[in-house]
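Colleague: Below is a structure I'd like to ask you about.
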Amino acid sequence: MRRLVAIAAAIAVLSACEREDREFRPPPVGTEAEAPVTLSSIAPGTGPAERPGEMGQAYEENAYHLSEGKRLFTWFNCKGCHANGGGGSGPALMDDSWIYGGALLNVVQTIREGRPNGMPSFRGKIPEEQIMQIAAYVRSMERQVPQDAAPGRNDDLMPRPSEHRLPARPAVPGGTVPPSGQAPQ
Amino acid sequence: MRCCRPALVALPLTLTGCTGWQSSLDPQGPQADTLATMFWVFTAILALVWLLTMAALFLSLRRARAERAGPLVLEPQAERSMTRAVSAAVAFTAAIVIALTVVSYAAQRALFSSHEAPLTLLVKGHQWWWEVTYEDGQPSRRFTTANEIHVPVGQPVLIKLQSSDVIHSFWVPSLAGKMDIVPGRENRLVIEASKDGIFRGQCAEFCGWQHAHMAIAVVAHPAEEFERWRENQISAAEPPDDPLRKRGMEIFLSRPCVMCHQIRGTPAAGKVAPDLTHVGSRLHIAAGTLPNSRGNLAAWITDPQGIKPGAHMPLMKLAGDEIEPLTRYLEGLR
Ligand SMILES: [Cu+2]
């Protein structure tokens, strides 16, 4: 009996490896050319159904992809307009209201194609795989990702709790709120 | 004797590791000299102590013991001589420890007494490469390069060490000791090369996946050659004149490359990856991972993750006919 428990515990430890499984040369996420351009804020269903949902899940459940996304959020200067998610000249990303939808694929679309009221397009400037990482990280600021995968605290001072300490929020279906230009100010 | 012959042959071979472009035992400047001298003083004294101890141990094991009258009988004569021997050994040990402390302290004083130098560099450790900025009173003469430090022979150079992410350690064994690079702090180190040559340095604090591939080259030139190098580095990249390289530049500017890399003289102004303004003039690419050649540049931009898995340069999908112009463009950035 004792031995069985020990073996079970050893196997349970292994399950933690998946959390930050690192794939440096991931299978292609699909090329940019194939992705449909959608600038409309209205999409059928809960988001443009261009890719199987599991693809996004693999990014959101993986601590490595999320921390890479966090690094790139600073590297590619998303911070310049969105601050640490609290918003600046761009809208806040850590709240649960989304102009263009908060599903992973909506966020991917926002980053890749840009949005009319001042969000630049990063098509061709950020490789597709990294867009997925950044989008997954954006969703972690709203704690739409598993807690054990969400990034921990920063080395420097942060104006808000780290991603893994934020309360989880229910997913908000996207594409129903008018663009910020028309939203009541 | 037969048994030991392979060992006798192999032992001197290991000594060949003591020279070369990365060795504390082959010092190439005053700082490294100080350290090497200290090392040899310690080694000599401690080897002597070890030999004496072993000899004493051996002798006392071999010596025939005089018969004692009984286990509890005191022998004042023997007691006294033993006390004397132990006291002498203690005094001798204390003297050696104090002397070595003084030697070590003197070496520290020699290494860290001065932080003044005619040339100041800012070296920033990144996962897994080095950013090198040459400071200058005139902002237009400041410039940044990567993974390679050039210094004039016979002049002390002050290096300010900073980190952008985790703890690294700057170590060019032929020129100086290790100095840790701690995020949020600035550590300082003075190096000086007393003759020209190329010296290899290596990150000496484990910093992640590609820690082993985080090398830096220090190139020491005569002063006028160094000035020529510096003037060239200050200048922006020359615009390409042949059509192939022009196309290479267009590809570079329309691709993710511009998000991370800077090429002065073009709109590419990324600040998070090595400055490529004069990448063609460097000895190595990817922090000493590959020698700089057209073939290696092509290999790197096609598949950085195959060469340095985990490096912060992503795999980008370039078309087959884009590699050649891009590589030629980069190679020509001298
Ligand atoms: Cu390291």
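Residue names in the structure tokens use chain letters A, B, ... in the order shown, residue numbers from 1 in each chain, and ligand numbers from 1 in the order shown.
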Find the residues of chain A in contact range of chain B, meaning any atom within 10 Å when counting only C-alpha atoms, and list them as a ChimeraX atom specification.
Modeller: /A:22-26,28,31,68,71-72,74-77,122-130,155-156
Colleague: Using N, CA and C atoms, can you export the residues from the last selection as a PDB file, in the first residue's frame?
Modeller:
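Output contents, as saved in result.pdb:
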ATOM      1  N   ARG A  22       8.370  23.255 -23.235  1.00  0.00           N
ATOM      2  CA  ARG A  22       8.866  24.276 -24.160  1.00  0.00           C
ATOM      3  C   ARG A  22       9.092  23.702 -25.537  1.00  0.00           C
ATOM      4  N   GLU A  23       8.495  24.326 -26.497  1.00  0.00           N
ATOM      5  CA  GLU A  23       8.704  23.913 -27.868  1.00  0.00           C
ATOM      6  C   GLU A  23       9.277  25.103 -28.607  1.00  0.00           C
ATOM      7  N   PHE A  24      10.580  25.037 -28.909  1.00  0.00           N
ATOM      8  CA  PHE A  24      11.190  26.213 -29.509  1.00  0.00           C
ATOM      9  C   PHE A  24      10.908  26.307 -31.005  1.00  0.00           C
ATOM     10  N   ARG A  25      10.689  25.156 -31.620  1.00  0.00           N
ATOM     11  CA  ARG A  25      10.323  25.196 -33.038  1.00  0.00           C
ATOM     12  C   ARG A  25       8.964  24.552 -33.170  1.00  0.00           C
ATOM     13  N   PRO A  26       7.924  25.285 -32.801  1.00  0.00           N
ATOM     14  CA  PRO A  26       6.585  24.698 -32.766  1.00  0.00           C
ATOM     15  C   PRO A  26       6.081  24.406 -34.175  1.00  0.00           C
ATOM     16  N   PRO A  28       3.943  24.865 -37.337  1.00  0.00           N
ATOM     17  CA  PRO A  28       3.425  26.141 -37.810  1.00  0.00           C
ATOM     18  C   PRO A  28       1.972  26.357 -37.381  1.00  0.00           C
ATOM     19  N   THR A  31      -0.206  29.966 -41.817  1.00  0.00           N
ATOM     20  CA  THR A  31       0.535  31.121 -42.306  1.00  0.00           C
ATOM     21  C   THR A  31      -0.362  32.344 -42.319  1.00  0.00           C
ATOM     22  N   GLU A  68       6.618  34.107 -22.218  1.00  0.00           N
ATOM     23  CA  GLU A  68       7.169  34.684 -23.447  1.00  0.00           C
ATOM     24  C   GLU A  68       6.278  35.832 -23.906  1.00  0.00           C
ATOM     25  N   ARG A  71       6.962  38.883 -21.907  1.00  0.00           N
ATOM     26  CA  ARG A  71       8.196  39.563 -22.311  1.00  0.00           C
ATOM     27  C   ARG A  71       7.970  40.359 -23.595  1.00  0.00           C
ATOM     28  N   LEU A  72       7.278  39.730 -24.564  1.00  0.00           N
ATOM     29  CA  LEU A  72       7.075  40.389 -25.852  1.00  0.00           C
ATOM     30  C   LEU A  72       6.126  41.582 -25.729  1.00  0.00           C
ATOM     31  N   THR A  74       6.214  43.759 -23.553  1.00  0.00           N
ATOM     32  CA  THR A  74       7.102  44.895 -23.306  1.00  0.00           C
ATOM     33  C   THR A  74       8.006  45.149 -24.511  1.00  0.00           C
ATOM     34  N   TRP A  75       8.587  44.090 -25.048  1.00  0.00           N
ATOM     35  CA  TRP A  75       9.528  44.234 -26.171  1.00  0.00           C
ATOM     36  C   TRP A  75       8.888  44.979 -27.341  1.00  0.00           C
ATOM     37  N   PHE A  76       7.649  44.638 -27.666  1.00  0.00           N
ATOM     38  CA  PHE A  76       7.012  45.227 -28.847  1.00  0.00           C
ATOM     39  C   PHE A  76       6.199  46.463 -28.486  1.00  0.00           C
ATOM     40  N   ASN A  77       6.464  46.978 -27.301  1.00  0.00           N
ATOM     41  CA  ASN A  77       5.903  48.247 -26.867  1.00  0.00           C
ATOM     42  C   ASN A  77       4.382  48.318 -26.817  1.00  0.00           C
ATOM     43  N   PHE A 122       0.107  44.572 -36.719  1.00  0.00           N
ATOM     44  CA  PHE A 122       1.431  43.958 -36.616  1.00  0.00           C
ATOM     45  C   PHE A 122       1.598  42.829 -37.625  1.00  0.00           C
ATOM     46  N   ARG A 123       0.729  42.786 -38.636  1.00  0.00           N
ATOM     47  CA  ARG A 123       0.829  41.756 -39.676  1.00  0.00           C
ATOM     48  C   ARG A 123       2.211  41.814 -40.328  1.00  0.00           C
ATOM     49  N   GLY A 124       2.859  40.674 -40.390  1.00  0.00           N
ATOM     50  CA  GLY A 124       4.176  40.628 -41.022  1.00  0.00           C
ATOM     51  C   GLY A 124       5.289  41.125 -40.116  1.00  0.00           C
ATOM     52  N   LYS A 125       4.936  41.782 -39.016  1.00  0.00           N
ATOM     53  CA  LYS A 125       5.977  42.317 -38.131  1.00  0.00           C
ATOM     54  C   LYS A 125       6.186  41.424 -36.906  1.00  0.00           C
ATOM     55  N   ILE A 126       5.171  40.665 -36.545  1.00  0.00           N
ATOM     56  CA  ILE A 126       5.336  39.711 -35.448  1.00  0.00           C
ATOM     57  C   ILE A 126       4.999  38.333 -36.005  1.00  0.00           C
ATOM     58  N   PRO A 127       5.925  37.387 -35.868  1.00  0.00           N
ATOM     59  CA  PRO A 127       5.623  36.039 -36.359  1.00  0.00           C
ATOM     60  C   PRO A 127       4.362  35.489 -35.689  1.00  0.00           C
ATOM     61  N   GLU A 128       3.629  34.694 -36.438  1.00  0.00           N
ATOM     62  CA  GLU A 128       2.324  34.218 -35.992  1.00  0.00           C
ATOM     63  C   GLU A 128       2.377  33.560 -34.612  1.00  0.00           C
ATOM     64  N   GLU A 129       3.442  32.793 -34.393  1.00  0.00           N
ATOM     65  CA  GLU A 129       3.546  32.063 -33.136  1.00  0.00           C
ATOM     66  C   GLU A 129       3.642  33.019 -31.957  1.00  0.00           C
ATOM     67  N   GLN A 130       4.351  34.101 -32.163  1.00  0.00           N
ATOM     68  CA  GLN A 130       4.506  35.071 -31.078  1.00  0.00           C
ATOM     69  C   GLN A 130       3.223  35.863 -30.868  1.00  0.00           C
ATOM     70  N   ASP A 155       9.874  41.473 -11.399  1.00  0.00           N
ATOM     71  CA  ASP A 155      11.015  41.826 -10.573  1.00  0.00           C
ATOM     72  C   ASP A 155      10.880  43.268 -10.091  1.00  0.00           C
ATOM     73  N   ASP A 156      10.268  44.121 -10.930  1.00  0.00           N
ATOM     74  CA  ASP A 156      10.137  45.521 -10.542  1.00  0.00           C
ATOM     75  C   ASP A 156       8.744  45.788  -9.975  1.00  0.00           C
TER      76      ASP A 156
END
Colleague: Output as a Markdown table one row per residue of chain B within 9 Å of ligand 1: the closest atom pair and its distance in Å to one decimal place, counting only C-alpha atoms and all ligand atoms, sorted by chain and residue number ascending.
Modeller:
| residue | atom | partner | partner_atom_place_in_ligand_line | distance |
| --- | --- | --- | --- | --- |
| B:Gly125 | CA | ligand 1 | 1 (Cu) | 8.5 |
| B:His126 | CA | ligand 1 | 1 (Cu) | 8.9 |
| B:Gln127 | CA | ligand 1 | 1 (Cu) | 7.5 |
| B:Trp128 | CA | ligand 1 | 1 (Cu) | 7.0 |
| B:Trp129 | CA | ligand 1 | 1 (Cu) | 9.0 |
| B:Val166 | CA | ligand 1 | 1 (Cu) | 8.7 |
| B:Ile167 | CA | ligand 1 | 1 (Cu) | 7.5 |
| B:His168 | CA | ligand 1 | 1 (Cu) | 4.9 |
| B:Ser169 | CA | ligand 1 | 1 (Cu) | 6.6 |
| B:Phe170 | CA | ligand 1 | 1 (Cu) | 8.7 |
| B:Gln202 | CA | ligand 1 | 1 (Cu) | 7.8 |
| B:Cys203 | CA | ligand 1 | 1 (Cu) | 4.4 |
| B:Ala204 | CA | ligand 1 | 1 (Cu) | 5.6 |
| B:Glu205 | CA | ligand 1 | 1 (Cu) | 4.7 |
| B:Phe206 | CA | ligand 1 | 1 (Cu) | 4.3 |
| B:Cys207 | CA | ligand 1 | 1 (Cu) | 4.0 |
| B:Gly208 | CA | ligand 1 | 1 (Cu) | 6.7 |
| B:Trp209 | CA | ligand 1 | 1 (Cu) | 8.7 |
| B:Gln210 | CA | ligand 1 | 1 (Cu) | 7.4 |
| B:His211 | CA | ligand 1 | 1 (Cu) | 3.9 |
| B:Ala212 | CA | ligand 1 | 1 (Cu) | 6.7 |
| B:His213 | CA | ligand 1 | 1 (Cu) | 8.2 |
| B:Met214 | CA | ligand 1 | 1 (Cu) | 6.3 |
| B:Ala215 | CA | ligand 1 | 1 (Cu) | 8.9 |
Colleague: Find the spatial neighbours of B:Leu189, counting only C-alpha atoms, within a cut-off of 9 Å - ignore same-chain residues fewer than 4 positions away - and output them as number ranges by chain.
Modeller: B: 111-112, 115, 157-161, 176-177, 179
Colleague: Could the residues in this selection be saved with all heavy atoms as a PDB file, in the first residue's frame?
Modeller:
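Once everything was written out, this is out-v7.pdb:
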ATOM      1  N   LEU B 111      43.260  45.557  -7.438  1.00  0.00           N
ATOM      2  CA  LEU B 111      42.256  45.407  -8.485  1.00  0.00           C
ATOM      3  C   LEU B 111      41.180  46.482  -8.414  1.00  0.00           C
ATOM      4  O   LEU B 111      40.709  46.962  -9.440  1.00  0.00           O
ATOM      5  CB  LEU B 111      41.578  44.037  -8.360  1.00  0.00           C
ATOM      6  CG  LEU B 111      42.418  42.845  -8.791  1.00  0.00           C
ATOM      7  CD1 LEU B 111      41.631  41.568  -8.586  1.00  0.00           C
ATOM      8  CD2 LEU B 111      42.811  42.974 -10.257  1.00  0.00           C
ATOM      9  N   PHE B 112      40.774  46.848  -7.206  1.00  0.00           N
ATOM     10  CA  PHE B 112      39.584  47.685  -7.101  1.00  0.00           C
ATOM     11  C   PHE B 112      39.855  49.092  -6.580  1.00  0.00           C
ATOM     12  O   PHE B 112      38.932  49.812  -6.252  1.00  0.00           O
ATOM     13  CB  PHE B 112      38.541  46.995  -6.212  1.00  0.00           C
ATOM     14  CG  PHE B 112      38.094  45.681  -6.773  1.00  0.00           C
ATOM     15  CD1 PHE B 112      38.330  44.494  -6.100  1.00  0.00           C
ATOM     16  CD2 PHE B 112      37.448  45.627  -8.006  1.00  0.00           C
ATOM     17  CE1 PHE B 112      37.935  43.285  -6.640  1.00  0.00           C
ATOM     18  CE2 PHE B 112      37.047  44.421  -8.542  1.00  0.00           C
ATOM     19  CZ  PHE B 112      37.291  43.241  -7.860  1.00  0.00           C
ATOM     20  N   HIS B 115      38.768  53.398 -10.124  1.00  0.00           N
ATOM     21  CA  HIS B 115      37.697  53.239 -11.104  1.00  0.00           C
ATOM     22  C   HIS B 115      37.749  54.373 -12.108  1.00  0.00           C
ATOM     23  O   HIS B 115      36.737  54.827 -12.602  1.00  0.00           O
ATOM     24  CB  HIS B 115      36.337  53.186 -10.403  1.00  0.00           C
ATOM     25  CG  HIS B 115      36.031  51.808  -9.916  1.00  0.00           C
ATOM     26  ND1 HIS B 115      35.183  51.561  -8.866  1.00  0.00           N
ATOM     27  CD2 HIS B 115      36.461  50.606 -10.325  1.00  0.00           C
ATOM     28  CE1 HIS B 115      35.119  50.249  -8.653  1.00  0.00           C
ATOM     29  NE2 HIS B 115      35.888  49.660  -9.524  1.00  0.00           N
ATOM     30  N   VAL B 157      40.425  50.307 -19.105  1.00  0.00           N
ATOM     31  CA  VAL B 157      39.075  50.531 -19.622  1.00  0.00           C
ATOM     32  C   VAL B 157      38.115  50.212 -18.483  1.00  0.00           C
ATOM     33  O   VAL B 157      38.183  49.137 -17.897  1.00  0.00           O
ATOM     34  CB  VAL B 157      38.794  49.588 -20.808  1.00  0.00           C
ATOM     35  CG1 VAL B 157      37.378  49.778 -21.308  1.00  0.00           C
ATOM     36  CG2 VAL B 157      39.796  49.809 -21.919  1.00  0.00           C
ATOM     37  N   LEU B 158      37.241  51.171 -18.183  1.00  0.00           N
ATOM     38  CA  LEU B 158      36.257  50.951 -17.119  1.00  0.00           C
ATOM     39  C   LEU B 158      35.020  50.309 -17.725  1.00  0.00           C
ATOM     40  O   LEU B 158      34.479  50.796 -18.732  1.00  0.00           O
ATOM     41  CB  LEU B 158      35.889  52.272 -16.458  1.00  0.00           C
ATOM     42  CG  LEU B 158      34.722  52.210 -15.476  1.00  0.00           C
ATOM     43  CD1 LEU B 158      35.050  51.309 -14.300  1.00  0.00           C
ATOM     44  CD2 LEU B 158      34.360  53.598 -14.986  1.00  0.00           C
ATOM     45  N   ILE B 159      34.585  49.200 -17.159  1.00  0.00           N
ATOM     46  CA  ILE B 159      33.388  48.532 -17.666  1.00  0.00           C
ATOM     47  C   ILE B 159      32.297  48.600 -16.617  1.00  0.00           C
ATOM     48  O   ILE B 159      32.465  48.119 -15.494  1.00  0.00           O
ATOM     49  CB  ILE B 159      33.694  47.068 -18.033  1.00  0.00           C
ATOM     50  CG1 ILE B 159      34.754  47.047 -19.122  1.00  0.00           C
ATOM     51  CG2 ILE B 159      32.450  46.372 -18.519  1.00  0.00           C
ATOM     52  CD1 ILE B 159      35.028  45.683 -19.673  1.00  0.00           C
ATOM     53  N   LYS B 160      31.171  49.222 -16.982  1.00  0.00           N
ATOM     54  CA  LYS B 160      30.013  49.245 -16.092  1.00  0.00           C
ATOM     55  C   LYS B 160      29.120  48.095 -16.500  1.00  0.00           C
ATOM     56  O   LYS B 160      28.782  47.959 -17.674  1.00  0.00           O
ATOM     57  CB  LYS B 160      29.241  50.542 -16.267  1.00  0.00           C
ATOM     58  CG  LYS B 160      30.015  51.805 -15.950  1.00  0.00           C
ATOM     59  CD  LYS B 160      29.054  52.954 -16.167  1.00  0.00           C
ATOM     60  CE  LYS B 160      29.701  54.295 -15.974  1.00  0.00           C
ATOM     61  NZ  LYS B 160      28.786  55.359 -16.464  1.00  0.00           N
ATOM     62  N   LEU B 161      28.746  47.276 -15.540  1.00  0.00           N
ATOM     63  CA  LEU B 161      28.007  46.061 -15.869  1.00  0.00           C
ATOM     64  C   LEU B 161      26.559  46.154 -15.413  1.00  0.00           C
ATOM     65  O   LEU B 161      26.278  46.411 -14.242  1.00  0.00           O
ATOM     66  CB  LEU B 161      28.683  44.863 -15.198  1.00  0.00           C
ATOM     67  CG  LEU B 161      30.094  44.571 -15.715  1.00  0.00           C
ATOM     68  CD1 LEU B 161      30.847  43.690 -14.753  1.00  0.00           C
ATOM     69  CD2 LEU B 161      30.030  43.912 -17.082  1.00  0.00           C
ATOM     70  N   ALA B 176      40.868  39.593 -16.575  1.00  0.00           N
ATOM     71  CA  ALA B 176      40.387  39.988 -15.252  1.00  0.00           C
ATOM     72  C   ALA B 176      39.617  38.850 -14.602  1.00  0.00           C
ATOM     73  O   ALA B 176      39.326  37.839 -15.237  1.00  0.00           O
ATOM     74  CB  ALA B 176      39.491  41.215 -15.357  1.00  0.00           C
ATOM     75  N   GLY B 177      39.262  39.068 -13.345  1.00  0.00           N
ATOM     76  CA  GLY B 177      38.471  38.068 -12.637  1.00  0.00           C
ATOM     77  C   GLY B 177      36.998  38.198 -12.984  1.00  0.00           C
ATOM     78  O   GLY B 177      36.606  39.046 -13.778  1.00  0.00           O
ATOM     79  N   MET B 179      33.073  39.098 -12.551  1.00  0.00           N
ATOM     80  CA  MET B 179      32.267  40.087 -11.851  1.00  0.00           C
ATOM     81  C   MET B 179      30.805  39.799 -12.163  1.00  0.00           C
ATOM     82  O   MET B 179      30.412  39.756 -13.323  1.00  0.00           O
ATOM     83  CB  MET B 179      32.650  41.495 -12.304  1.00  0.00           C
ATOM     84  CG  MET B 179      31.856  42.597 -11.661  1.00  0.00           C
ATOM     85  SD  MET B 179      32.087  42.721  -9.876  1.00  0.00           S
ATOM     86  CE  MET B 179      33.512  43.779  -9.788  1.00  0.00           C
TER      87      MET B 179
END
Colleague: Give me the residues near B:Lys124 as an MDAnalysis selection string, where near means some atom within 9 Å (using only C-alpha atoms) and where sequence neighbours in that chain fewer than 5 positions away do not count.
Modeller: chainID B and resid 129:133 160:164 181
Colleague: Please write the residues from the selection above to a file, keeping N, CA and C atoms, as a short mmCIF file (atom, residue, chain, number, x, y, z; two decimals), in the first residue's frame.
Modeller:
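selection.cif, written as the output of this step:
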data_model
loop_
_atom_site.label_atom_id
_atom_site.label_comp_id
_atom_site.auth_asym_id
_atom_site.auth_seq_id
_atom_site.Cartn_x
_atom_site.Cartn_y
_atom_site.Cartn_z
N TRP B 129 23.11 37.16 -24.77
CA TRP B 129 24.08 37.91 -25.57
C TRP B 129 24.46 39.16 -24.80
N TRP B 130 25.50 39.87 -25.29
CA TRP B 130 26.02 41.04 -24.59
C TRP B 130 25.81 42.29 -25.42
N GLU B 131 25.27 43.31 -24.77
CA GLU B 131 25.14 44.60 -25.45
C GLU B 131 26.28 45.47 -24.95
N VAL B 132 27.00 46.10 -25.87
CA VAL B 132 28.17 46.89 -25.49
C VAL B 132 27.99 48.31 -25.99
N THR B 133 28.00 49.29 -25.07
CA THR B 133 27.85 50.69 -25.47
C THR B 133 29.11 51.44 -25.10
N LYS B 160 31.17 49.22 -16.98
CA LYS B 160 30.01 49.24 -16.09
C LYS B 160 29.12 48.09 -16.50
N LEU B 161 28.75 47.28 -15.54
CA LEU B 161 28.01 46.06 -15.87
C LEU B 161 26.56 46.15 -15.41
N GLN B 162 25.65 45.95 -16.34
CA GLN B 162 24.21 45.97 -16.02
C GLN B 162 23.53 44.76 -16.63
N SER B 163 22.37 44.42 -16.08
CA SER B 163 21.63 43.29 -16.63
C SER B 163 20.23 43.74 -17.01
N SER B 164 19.68 43.13 -18.05
CA SER B 164 18.31 43.47 -18.43
C SER B 164 17.34 42.41 -17.94
N ILE B 181 26.82 40.25 -12.63
CA ILE B 181 25.97 41.32 -13.16
C ILE B 181 24.60 41.10 -12.56
#
Colleague: Do a neighbour search on B:Gln22 at 8 Å with only C-alpha atoms, toss out local chain neighbours closer than 2 positions, and write the hits as a list of chain:residue names.
Modeller: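 Counting only the stated atoms, we get B:Thr19, B:Gly20, B:Ser24, B:Val172, B:Pro173, B:Ser174, B:Phe199, B:Arg200, B:Gly201.
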Colleague: Determine, counting only C-alpha atoms, which protein, DNA and RNA residues have an atom within 12 Å of an atom of stretch 144-152 of chain A; residues of the same chain fewer than 2 positions away are not included. Present the result as a PyMOL selection string.
Modeller: chain A and resi 16-21+56-71+93-96+102-104+135-142+154-156+158+160-172
Colleague: Near B:Leu46, within 12 Å and counting only C-alpha atoms, which residues show up once chain neighbours fewer than 3 positions away are dropped, as a list of chain:residue names?
Modeller: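 Near B:Leu46, the qualifying residues are B:Phe39, B:Trp40, B:Val41, B:Phe42, B:Thr43, B:Val49, B:Trp50, B:Leu51, B:Leu52, B:Thr53, B:Thr93, B:Ile96, B:Val97, B:Ala99, B:Leu100.
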Colleague: Measuring between only C-alpha atoms, which one of B:Pro274, B:Pro267, B:Gly332, B:Gly288 shows the shortest distance to B:Met313?
Modeller: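 For B:Met313, the nearest of the given residues is B:Pro274.
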Colleague: Write out as a PyMOL selection string the set of residues from stretch 5-198 of chain B that DSSP, computed on the backbone, places in alpha helix (DSSP H).
Modeller: chain B and resi 5-15+30-62+76-112
Colleague: For a quick check of understanding, using only C-alpha atoms, which of B:Ala319, B:Val279, B:Ala220, B:Met38 has the smallest distance to B:Val102?
Modeller: B:Met38
Colleague: What is the distance, in Å and to one decimal place, between atom CA of B:Val90 and atom CA of B:Ala64?
Modeller: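 According to the coordinates, atom CA of B:Val90 and atom CA of B:Ala64 are separated by 25.3 Å.
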Colleague: Quick one: pick out all strand (DSSP E or B) residues within stretch 110-179 of chain B from a backbone DSSP run and write them as a PyMOL selection string.
Modeller: chain B and resi 119-126+129-134+143-146+148-152+157-163+168-171+179
